[in-house]
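Below is the file structure_37.txt, which contains compact mmCIF, N, CA and C atoms.
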# COMPACT_ATOMS: atom_id res chain seq x y z
N MET A 1 -43.72 -32.71 -63.23
CA MET A 1 -44.80 -33.17 -62.39
C MET A 1 -44.31 -33.25 -60.94
N PRO A 2 -45.02 -32.61 -60.01
CA PRO A 2 -44.56 -32.62 -58.61
C PRO A 2 -44.66 -34.03 -58.01
N LYS A 3 -43.68 -34.32 -57.13
CA LYS A 3 -43.74 -35.63 -56.49
C LYS A 3 -44.75 -35.61 -55.36
N ILE A 4 -45.40 -36.73 -55.18
CA ILE A 4 -46.40 -36.86 -54.13
C ILE A 4 -45.78 -37.65 -53.00
N ILE A 5 -45.79 -37.07 -51.81
CA ILE A 5 -45.21 -37.72 -50.64
C ILE A 5 -46.35 -38.05 -49.69
N GLU A 6 -46.48 -39.32 -49.40
CA GLU A 6 -47.53 -39.78 -48.49
C GLU A 6 -47.28 -39.25 -47.08
N ASN A 7 -48.32 -38.79 -46.44
CA ASN A 7 -48.26 -38.35 -45.04
C ASN A 7 -47.17 -37.31 -44.78
N LEU A 8 -47.01 -36.37 -45.69
CA LEU A 8 -45.94 -35.39 -45.55
C LEU A 8 -46.11 -34.55 -44.29
N ARG A 9 -47.31 -34.17 -43.98
CA ARG A 9 -47.54 -33.36 -42.77
C ARG A 9 -47.00 -34.10 -41.54
N GLU A 10 -47.33 -35.38 -41.42
CA GLU A 10 -46.87 -36.17 -40.28
C GLU A 10 -45.35 -36.33 -40.30
N GLN A 11 -44.79 -36.48 -41.49
CA GLN A 11 -43.33 -36.59 -41.61
C GLN A 11 -42.65 -35.30 -41.14
N LEU A 12 -43.22 -34.17 -41.52
CA LEU A 12 -42.65 -32.88 -41.11
C LEU A 12 -42.70 -32.73 -39.58
N LEU A 13 -43.82 -33.13 -38.99
CA LEU A 13 -43.95 -33.04 -37.53
C LEU A 13 -42.96 -33.98 -36.83
N SER A 14 -42.84 -35.18 -37.35
CA SER A 14 -41.92 -36.16 -36.77
C SER A 14 -40.48 -35.69 -36.89
N GLU A 15 -40.12 -35.16 -38.04
CA GLU A 15 -38.76 -34.66 -38.25
C GLU A 15 -38.46 -33.47 -37.34
N THR A 16 -39.43 -32.60 -37.16
CA THR A 16 -39.25 -31.45 -36.28
C THR A 16 -38.98 -31.92 -34.86
N LYS A 17 -39.79 -32.85 -34.37
CA LYS A 17 -39.61 -33.37 -33.01
C LYS A 17 -38.24 -34.04 -32.88
N ARG A 18 -37.86 -34.84 -33.87
CA ARG A 18 -36.55 -35.50 -33.83
C ARG A 18 -35.43 -34.48 -33.73
N GLN A 19 -35.51 -33.43 -34.54
CA GLN A 19 -34.45 -32.41 -34.52
C GLN A 19 -34.44 -31.63 -33.20
N ILE A 20 -35.61 -31.32 -32.68
CA ILE A 20 -35.67 -30.62 -31.39
C ILE A 20 -35.00 -31.48 -30.33
N ASP A 21 -35.31 -32.77 -30.31
CA ASP A 21 -34.72 -33.68 -29.33
C ASP A 21 -33.21 -33.79 -29.47
N GLU A 22 -32.73 -33.83 -30.71
CA GLU A 22 -31.30 -34.03 -30.96
C GLU A 22 -30.49 -32.74 -30.97
N ARG A 23 -31.04 -31.67 -31.52
CA ARG A 23 -30.28 -30.44 -31.73
C ARG A 23 -30.69 -29.29 -30.83
N GLY A 24 -31.91 -29.32 -30.37
CA GLY A 24 -32.43 -28.21 -29.59
C GLY A 24 -33.23 -27.25 -30.46
N TYR A 25 -33.95 -26.37 -29.80
CA TYR A 25 -34.82 -25.42 -30.48
C TYR A 25 -34.04 -24.50 -31.42
N GLY A 26 -32.96 -23.93 -30.93
CA GLY A 26 -32.21 -22.93 -31.69
C GLY A 26 -31.60 -23.47 -32.98
N SER A 27 -31.22 -24.74 -32.99
CA SER A 27 -30.58 -25.32 -34.18
C SER A 27 -31.57 -25.96 -35.14
N THR A 28 -32.82 -26.04 -34.75
CA THR A 28 -33.84 -26.60 -35.63
C THR A 28 -34.45 -25.45 -36.43
N THR A 29 -34.44 -25.58 -37.75
CA THR A 29 -34.98 -24.54 -38.61
C THR A 29 -35.94 -25.17 -39.62
N VAL A 30 -36.73 -24.33 -40.25
CA VAL A 30 -37.62 -24.83 -41.31
C VAL A 30 -36.77 -25.46 -42.41
N ARG A 31 -35.65 -24.86 -42.72
CA ARG A 31 -34.75 -25.40 -43.76
C ARG A 31 -34.22 -26.78 -43.35
N SER A 32 -33.80 -26.94 -42.10
CA SER A 32 -33.26 -28.24 -41.67
C SER A 32 -34.35 -29.31 -41.66
N VAL A 33 -35.57 -28.93 -41.32
CA VAL A 33 -36.69 -29.87 -41.35
C VAL A 33 -36.99 -30.27 -42.79
N ALA A 34 -37.01 -29.28 -43.67
CA ALA A 34 -37.25 -29.56 -45.09
C ALA A 34 -36.18 -30.51 -45.63
N ASN A 35 -34.91 -30.22 -45.33
CA ASN A 35 -33.82 -31.09 -45.78
C ASN A 35 -33.98 -32.50 -45.22
N GLY A 36 -34.36 -32.59 -43.95
CA GLY A 36 -34.55 -33.90 -43.32
C GLY A 36 -35.65 -34.72 -43.96
N CYS A 37 -36.62 -34.05 -44.55
CA CYS A 37 -37.73 -34.74 -45.22
C CYS A 37 -37.54 -34.83 -46.73
N GLY A 38 -36.47 -34.22 -47.23
CA GLY A 38 -36.20 -34.27 -48.67
C GLY A 38 -37.17 -33.45 -49.50
N VAL A 39 -37.61 -32.31 -48.95
CA VAL A 39 -38.53 -31.43 -49.68
C VAL A 39 -37.97 -30.01 -49.68
N ALA A 40 -38.54 -29.17 -50.51
CA ALA A 40 -38.14 -27.77 -50.56
C ALA A 40 -38.72 -27.01 -49.36
N VAL A 41 -38.04 -25.96 -48.98
CA VAL A 41 -38.49 -25.14 -47.86
C VAL A 41 -39.92 -24.63 -48.10
N GLY A 42 -40.21 -24.22 -49.33
CA GLY A 42 -41.54 -23.73 -49.66
C GLY A 42 -42.63 -24.76 -49.41
N THR A 43 -42.27 -26.02 -49.58
CA THR A 43 -43.24 -27.09 -49.34
C THR A 43 -43.63 -27.12 -47.86
N VAL A 44 -42.67 -26.92 -46.98
CA VAL A 44 -42.96 -26.89 -45.54
C VAL A 44 -43.93 -25.74 -45.25
N TYR A 45 -43.68 -24.60 -45.88
CA TYR A 45 -44.55 -23.44 -45.65
C TYR A 45 -45.96 -23.63 -46.22
N ASN A 46 -46.13 -24.60 -47.11
CA ASN A 46 -47.48 -24.94 -47.57
C ASN A 46 -48.30 -25.58 -46.45
N TYR A 47 -47.61 -26.17 -45.48
CA TYR A 47 -48.27 -26.86 -44.37
C TYR A 47 -48.25 -26.06 -43.07
N PHE A 48 -47.16 -25.33 -42.84
CA PHE A 48 -46.98 -24.60 -41.58
C PHE A 48 -46.38 -23.23 -41.87
N LYS A 49 -46.88 -22.20 -41.19
CA LYS A 49 -46.40 -20.86 -41.51
C LYS A 49 -45.06 -20.52 -40.85
N SER A 50 -44.62 -21.34 -39.87
CA SER A 50 -43.35 -21.05 -39.19
C SER A 50 -42.86 -22.28 -38.44
N LYS A 51 -41.63 -22.20 -37.97
CA LYS A 51 -41.07 -23.26 -37.13
C LYS A 51 -41.91 -23.41 -35.87
N ASP A 52 -42.33 -22.31 -35.30
CA ASP A 52 -43.12 -22.38 -34.07
C ASP A 52 -44.47 -23.04 -34.29
N MET A 53 -45.04 -22.90 -35.48
CA MET A 53 -46.30 -23.60 -35.78
C MET A 53 -46.05 -25.10 -35.95
N LEU A 54 -44.91 -25.48 -36.48
CA LEU A 54 -44.54 -26.90 -36.55
C LEU A 54 -44.49 -27.48 -35.14
N ILE A 55 -43.81 -26.78 -34.27
CA ILE A 55 -43.65 -27.23 -32.89
C ILE A 55 -45.00 -27.27 -32.18
N ALA A 56 -45.75 -26.20 -32.30
CA ALA A 56 -47.07 -26.15 -31.65
C ALA A 56 -47.97 -27.27 -32.15
N SER A 57 -47.85 -27.62 -33.42
CA SER A 57 -48.70 -28.67 -34.00
C SER A 57 -48.40 -30.05 -33.43
N PHE A 58 -47.12 -30.40 -33.27
CA PHE A 58 -46.86 -31.73 -32.72
C PHE A 58 -47.15 -31.77 -31.23
N ILE A 59 -46.95 -30.67 -30.53
CA ILE A 59 -47.30 -30.65 -29.10
C ILE A 59 -48.82 -30.72 -28.94
N LEU A 60 -49.54 -29.97 -29.75
CA LEU A 60 -51.01 -30.00 -29.68
C LEU A 60 -51.54 -31.39 -29.96
N LYS A 61 -51.00 -32.06 -30.96
CA LYS A 61 -51.45 -33.42 -31.26
C LYS A 61 -51.25 -34.33 -30.06
N ASP A 62 -50.07 -34.26 -29.46
CA ASP A 62 -49.79 -35.11 -28.30
C ASP A 62 -50.67 -34.73 -27.10
N TRP A 63 -50.93 -33.43 -26.92
CA TRP A 63 -51.79 -32.98 -25.83
C TRP A 63 -53.23 -33.49 -26.04
N MET A 64 -53.71 -33.39 -27.26
CA MET A 64 -55.06 -33.87 -27.54
C MET A 64 -55.15 -35.39 -27.36
N ASP A 65 -54.11 -36.11 -27.74
CA ASP A 65 -54.06 -37.56 -27.49
C ASP A 65 -54.09 -37.84 -25.99
N CYS A 66 -53.36 -37.07 -25.22
CA CYS A 66 -53.34 -37.22 -23.76
C CYS A 66 -54.74 -36.99 -23.19
N LEU A 67 -55.38 -35.90 -23.58
CA LEU A 67 -56.73 -35.62 -23.09
C LEU A 67 -57.72 -36.70 -23.52
N ASN A 68 -57.56 -37.20 -24.71
CA ASN A 68 -58.44 -38.26 -25.21
C ASN A 68 -58.31 -39.52 -24.35
N GLU A 69 -57.09 -39.89 -24.02
CA GLU A 69 -56.87 -41.06 -23.16
C GLU A 69 -57.46 -40.84 -21.77
N ILE A 70 -57.29 -39.64 -21.25
CA ILE A 70 -57.86 -39.32 -19.93
C ILE A 70 -59.38 -39.43 -19.98
N SER A 71 -59.98 -38.89 -21.03
CA SER A 71 -61.44 -38.89 -21.12
C SER A 71 -62.02 -40.30 -21.26
N LYS A 72 -61.24 -41.23 -21.81
CA LYS A 72 -61.71 -42.61 -21.97
C LYS A 72 -61.57 -43.43 -20.69
N HIS A 73 -60.77 -42.93 -19.76
CA HIS A 73 -60.47 -43.71 -18.56
C HIS A 73 -61.67 -43.78 -17.62
N GLN A 74 -61.80 -44.91 -16.94
CA GLN A 74 -62.89 -45.13 -15.99
C GLN A 74 -62.81 -44.11 -14.84
N LYS A 75 -63.93 -43.50 -14.52
CA LYS A 75 -63.95 -42.45 -13.50
C LYS A 75 -64.59 -42.90 -12.19
N SER A 76 -64.81 -44.19 -12.00
CA SER A 76 -65.54 -44.65 -10.82
C SER A 76 -64.73 -44.51 -9.53
N ASP A 77 -63.44 -44.70 -9.59
CA ASP A 77 -62.58 -44.57 -8.41
C ASP A 77 -61.83 -43.24 -8.52
N ARG A 78 -62.20 -42.27 -7.70
CA ARG A 78 -61.62 -40.92 -7.80
C ARG A 78 -60.10 -40.92 -7.69
N ARG A 79 -59.59 -41.59 -6.68
CA ARG A 79 -58.15 -41.58 -6.45
C ARG A 79 -57.41 -42.19 -7.65
N GLU A 80 -57.89 -43.32 -8.12
CA GLU A 80 -57.26 -44.00 -9.24
C GLU A 80 -57.33 -43.12 -10.50
N TYR A 81 -58.45 -42.45 -10.69
CA TYR A 81 -58.62 -41.57 -11.85
C TYR A 81 -57.64 -40.39 -11.78
N LEU A 82 -57.52 -39.77 -10.62
CA LEU A 82 -56.59 -38.65 -10.48
C LEU A 82 -55.14 -39.11 -10.65
N GLU A 83 -54.83 -40.30 -10.17
CA GLU A 83 -53.49 -40.84 -10.37
C GLU A 83 -53.23 -41.08 -11.86
N PHE A 84 -54.24 -41.57 -12.56
CA PHE A 84 -54.11 -41.78 -14.00
C PHE A 84 -53.85 -40.45 -14.73
N ILE A 85 -54.59 -39.42 -14.34
CA ILE A 85 -54.39 -38.10 -14.95
C ILE A 85 -52.96 -37.63 -14.68
N HIS A 86 -52.52 -37.76 -13.45
CA HIS A 86 -51.17 -37.34 -13.08
C HIS A 86 -50.12 -38.08 -13.91
N LEU A 87 -50.26 -39.39 -14.04
CA LEU A 87 -49.31 -40.17 -14.84
C LEU A 87 -49.36 -39.78 -16.31
N SER A 88 -50.56 -39.49 -16.81
CA SER A 88 -50.70 -39.06 -18.20
C SER A 88 -49.99 -37.73 -18.44
N LEU A 89 -50.12 -36.82 -17.49
CA LEU A 89 -49.44 -35.52 -17.59
C LEU A 89 -47.92 -35.70 -17.54
N ARG A 90 -47.46 -36.57 -16.67
CA ARG A 90 -46.01 -36.82 -16.58
C ARG A 90 -45.49 -37.43 -17.87
N ASP A 91 -46.25 -38.37 -18.44
CA ASP A 91 -45.85 -38.97 -19.72
C ASP A 91 -45.77 -37.91 -20.82
N PHE A 92 -46.76 -37.02 -20.85
CA PHE A 92 -46.77 -35.94 -21.83
C PHE A 92 -45.54 -35.05 -21.65
N ALA A 93 -45.28 -34.65 -20.40
CA ALA A 93 -44.13 -33.77 -20.12
C ALA A 93 -42.82 -34.47 -20.47
N ASP A 94 -42.70 -35.74 -20.11
CA ASP A 94 -41.47 -36.49 -20.41
C ASP A 94 -41.25 -36.61 -21.92
N LYS A 95 -42.33 -36.73 -22.66
CA LYS A 95 -42.24 -36.87 -24.11
C LYS A 95 -41.63 -35.62 -24.75
N HIS A 96 -41.81 -34.48 -24.09
CA HIS A 96 -41.35 -33.20 -24.65
C HIS A 96 -40.34 -32.50 -23.75
N ILE A 97 -39.67 -33.27 -22.91
CA ILE A 97 -38.75 -32.67 -21.94
C ILE A 97 -37.63 -31.87 -22.61
N SER A 98 -37.16 -32.33 -23.76
CA SER A 98 -36.07 -31.60 -24.42
C SER A 98 -36.52 -30.20 -24.84
N LEU A 99 -37.76 -30.07 -25.25
CA LEU A 99 -38.28 -28.75 -25.63
C LEU A 99 -38.61 -27.92 -24.39
N PHE A 100 -39.27 -28.55 -23.41
CA PHE A 100 -39.69 -27.82 -22.21
C PHE A 100 -38.51 -27.33 -21.38
N SER A 101 -37.36 -27.96 -21.53
CA SER A 101 -36.19 -27.55 -20.76
C SER A 101 -35.19 -26.74 -21.59
N ASP A 102 -35.57 -26.38 -22.81
CA ASP A 102 -34.69 -25.64 -23.72
C ASP A 102 -34.81 -24.14 -23.46
N LYS A 103 -33.70 -23.50 -23.11
CA LYS A 103 -33.71 -22.07 -22.78
C LYS A 103 -34.11 -21.19 -23.97
N ASP A 104 -33.66 -21.55 -25.17
CA ASP A 104 -34.03 -20.78 -26.37
C ASP A 104 -35.53 -20.84 -26.59
N ALA A 105 -36.11 -22.02 -26.44
CA ALA A 105 -37.56 -22.17 -26.62
C ALA A 105 -38.31 -21.39 -25.53
N ALA A 106 -37.81 -21.42 -24.32
CA ALA A 106 -38.46 -20.71 -23.22
C ALA A 106 -38.54 -19.21 -23.51
N ARG A 107 -37.47 -18.65 -24.06
CA ARG A 107 -37.48 -17.21 -24.39
C ARG A 107 -38.53 -16.90 -25.45
N VAL A 108 -38.64 -17.77 -26.45
CA VAL A 108 -39.57 -17.53 -27.55
C VAL A 108 -41.02 -17.66 -27.08
N PHE A 109 -41.29 -18.67 -26.28
CA PHE A 109 -42.67 -18.96 -25.90
C PHE A 109 -43.10 -18.28 -24.60
N GLN A 110 -42.22 -17.50 -24.00
CA GLN A 110 -42.51 -16.83 -22.74
C GLN A 110 -43.76 -15.95 -22.81
N LEU A 111 -43.93 -15.24 -23.89
CA LEU A 111 -45.07 -14.32 -24.02
C LEU A 111 -46.41 -15.04 -24.07
N SER A 112 -46.43 -16.22 -24.65
CA SER A 112 -47.69 -16.94 -24.79
C SER A 112 -47.95 -17.93 -23.65
N PHE A 113 -47.01 -18.05 -22.73
CA PHE A 113 -47.13 -19.04 -21.67
C PHE A 113 -48.39 -18.86 -20.83
N SER A 114 -48.66 -17.66 -20.40
CA SER A 114 -49.81 -17.41 -19.53
C SER A 114 -51.12 -17.81 -20.19
N VAL A 115 -51.28 -17.45 -21.44
CA VAL A 115 -52.51 -17.79 -22.17
C VAL A 115 -52.62 -19.31 -22.33
N ARG A 116 -51.54 -19.95 -22.73
CA ARG A 116 -51.56 -21.40 -22.94
C ARG A 116 -51.80 -22.14 -21.62
N HIS A 117 -51.21 -21.64 -20.55
CA HIS A 117 -51.39 -22.28 -19.24
C HIS A 117 -52.87 -22.26 -18.84
N LYS A 118 -53.53 -21.15 -19.06
CA LYS A 118 -54.97 -21.06 -18.74
C LYS A 118 -55.77 -22.03 -19.59
N GLN A 119 -55.40 -22.17 -20.85
CA GLN A 119 -56.10 -23.11 -21.73
C GLN A 119 -55.91 -24.55 -21.26
N LEU A 120 -54.67 -24.91 -20.94
CA LEU A 120 -54.40 -26.26 -20.47
C LEU A 120 -55.15 -26.55 -19.18
N ARG A 121 -55.13 -25.58 -18.26
CA ARG A 121 -55.83 -25.76 -16.98
C ARG A 121 -57.32 -25.97 -17.22
N ALA A 122 -57.92 -25.18 -18.09
CA ALA A 122 -59.35 -25.31 -18.37
C ALA A 122 -59.67 -26.67 -19.00
N GLN A 123 -58.83 -27.11 -19.92
CA GLN A 123 -59.06 -28.41 -20.57
C GLN A 123 -58.91 -29.55 -19.57
N LEU A 124 -57.94 -29.44 -18.70
CA LEU A 124 -57.73 -30.46 -17.68
C LEU A 124 -58.86 -30.44 -16.65
N ALA A 125 -59.28 -29.25 -16.25
CA ALA A 125 -60.39 -29.12 -15.29
C ALA A 125 -61.66 -29.74 -15.84
N GLU A 126 -61.85 -29.63 -17.13
CA GLU A 126 -63.02 -30.23 -17.77
C GLU A 126 -63.02 -31.75 -17.60
N GLN A 127 -61.84 -32.35 -17.59
CA GLN A 127 -61.72 -33.79 -17.37
C GLN A 127 -61.96 -34.17 -15.91
N ILE A 128 -61.59 -33.27 -15.01
CA ILE A 128 -61.68 -33.54 -13.57
C ILE A 128 -63.07 -33.24 -13.02
N GLU A 129 -63.77 -32.32 -13.62
CA GLU A 129 -65.06 -31.85 -13.11
C GLU A 129 -66.08 -32.97 -12.85
N PRO A 130 -66.18 -34.01 -13.70
CA PRO A 130 -67.17 -35.06 -13.42
C PRO A 130 -66.98 -35.75 -12.06
N ILE A 131 -65.75 -35.83 -11.57
CA ILE A 131 -65.56 -36.46 -10.26
C ILE A 131 -65.52 -35.44 -9.13
N ALA A 132 -65.29 -34.17 -9.48
CA ALA A 132 -65.23 -33.12 -8.46
C ALA A 132 -66.62 -32.56 -8.16
N ASN A 133 -67.49 -32.57 -9.17
CA ASN A 133 -68.83 -31.99 -9.04
C ASN A 133 -68.79 -30.54 -8.59
N ASP A 134 -67.72 -29.87 -8.93
CA ASP A 134 -67.55 -28.47 -8.51
C ASP A 134 -66.51 -27.86 -9.44
N GLY A 135 -66.91 -26.83 -10.17
CA GLY A 135 -66.01 -26.20 -11.13
C GLY A 135 -64.76 -25.61 -10.51
N PHE A 136 -64.93 -24.95 -9.34
CA PHE A 136 -63.77 -24.35 -8.68
C PHE A 136 -62.78 -25.43 -8.24
N LEU A 137 -63.29 -26.50 -7.63
CA LEU A 137 -62.43 -27.58 -7.18
C LEU A 137 -61.70 -28.22 -8.36
N ALA A 138 -62.39 -28.41 -9.46
CA ALA A 138 -61.77 -28.99 -10.65
C ALA A 138 -60.64 -28.09 -11.15
N GLU A 139 -60.86 -26.78 -11.19
CA GLU A 139 -59.82 -25.82 -11.61
C GLU A 139 -58.63 -25.87 -10.63
N TYR A 140 -58.93 -25.95 -9.37
CA TYR A 140 -57.88 -25.98 -8.33
C TYR A 140 -57.01 -27.24 -8.49
N VAL A 141 -57.65 -28.39 -8.64
CA VAL A 141 -56.91 -29.65 -8.81
C VAL A 141 -56.12 -29.62 -10.11
N ALA A 142 -56.72 -29.11 -11.17
CA ALA A 142 -56.02 -29.01 -12.45
C ALA A 142 -54.77 -28.14 -12.32
N GLU A 143 -54.89 -27.02 -11.65
CA GLU A 143 -53.74 -26.14 -11.45
C GLU A 143 -52.67 -26.83 -10.64
N ALA A 144 -53.08 -27.53 -9.59
CA ALA A 144 -52.09 -28.25 -8.75
C ALA A 144 -51.36 -29.30 -9.58
N MET A 145 -52.07 -30.01 -10.43
CA MET A 145 -51.44 -31.04 -11.24
C MET A 145 -50.48 -30.43 -12.27
N LEU A 146 -50.85 -29.32 -12.85
CA LEU A 146 -49.97 -28.68 -13.82
C LEU A 146 -48.70 -28.16 -13.17
N CYS A 147 -48.84 -27.68 -11.95
CA CYS A 147 -47.67 -27.16 -11.23
C CYS A 147 -46.78 -28.30 -10.77

Structure rendered as structure tokens:
Amino acid sequence: MPKIIENLREQLLSETKRQIDERGYGSTTVRSVANGCGVAVGTVYNYFKSKDMLIASFILKDWMDCLNEISKHQKSDRREYLEFIHLSLRDFADKHISLFSDKDAARVFQLSFSVRHKQLRAQLAEQIEPIANDGFLAEYVAEAMLC
């Protein structure tokens, strides 16, 4: 009878992030994540098709949490709202600094960077647009903040 592990998906994501922070992208493998969670490699593949999908999943979760917090924030004071967005972006970046500064990861994700950057900018611009009242200005501010 197979063992049932509560919240295995979350455990796999947490273990992947821990290993990335401690070992770096190149030394983190699906096998090492499986071993860290006490499961078979095949079990990891039941949840994620690759190491890069594991990584993308925990970053996406944190990005969506960041956007959610931004969307809940009071928008009445433009300056304060933009400062909040900026701090939220810095917190997000700091949370993943070990991955974002990893040369091995940069080589792997280089091809998808342009597409992902456009997606992030559009999602951020969507948050800024209510105070900008102008789509172009919102995109411009979003790009400046990402840079």

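One finds atom N of Gln11 (chain A) at 11.5 Å from CA of Ser57 (chain A).
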
For region 40-48 of chain A, what centre and edge lengths in Å (one decimal) does the axis-aligned box get once 6 Å is added on each side of all its listed atoms, as JSON?
{"center_x": -43.2, "center_y": -26.2, "center_z": -46.1, "size_x": 22.3, "size_y": 17.9, "size_z": 21.0}

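Shortest atom-to-atom contact with Phe84 (chain A) among A:Pro130, A:Phe113, A:Glu69, A:Tyr45: A:Glu69, counting only N, CA and C atoms.
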
Do you know which residues are at most 8 Å from Leu82 (chain A) counting only C-alpha atoms, after dropping those on the same chain fewer than 4 positions away, and could you put them as a list of chain:residue names?
-> A:Arg78, A:His86, A:Ile128

Rounded to one decimal in Å, what is the spacing between atom C of Glu143 (chain A) and CA of Arg121 (chain A)?
->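 Going from atom C of Glu143 (chain A) over to CA of Arg121 (chain A), I get 7.2 Å.
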
Hey, can you check how far atom C of Thr16 (chain A) sits from atom N of Asn68 (chain A)?
-> 21.8 Å
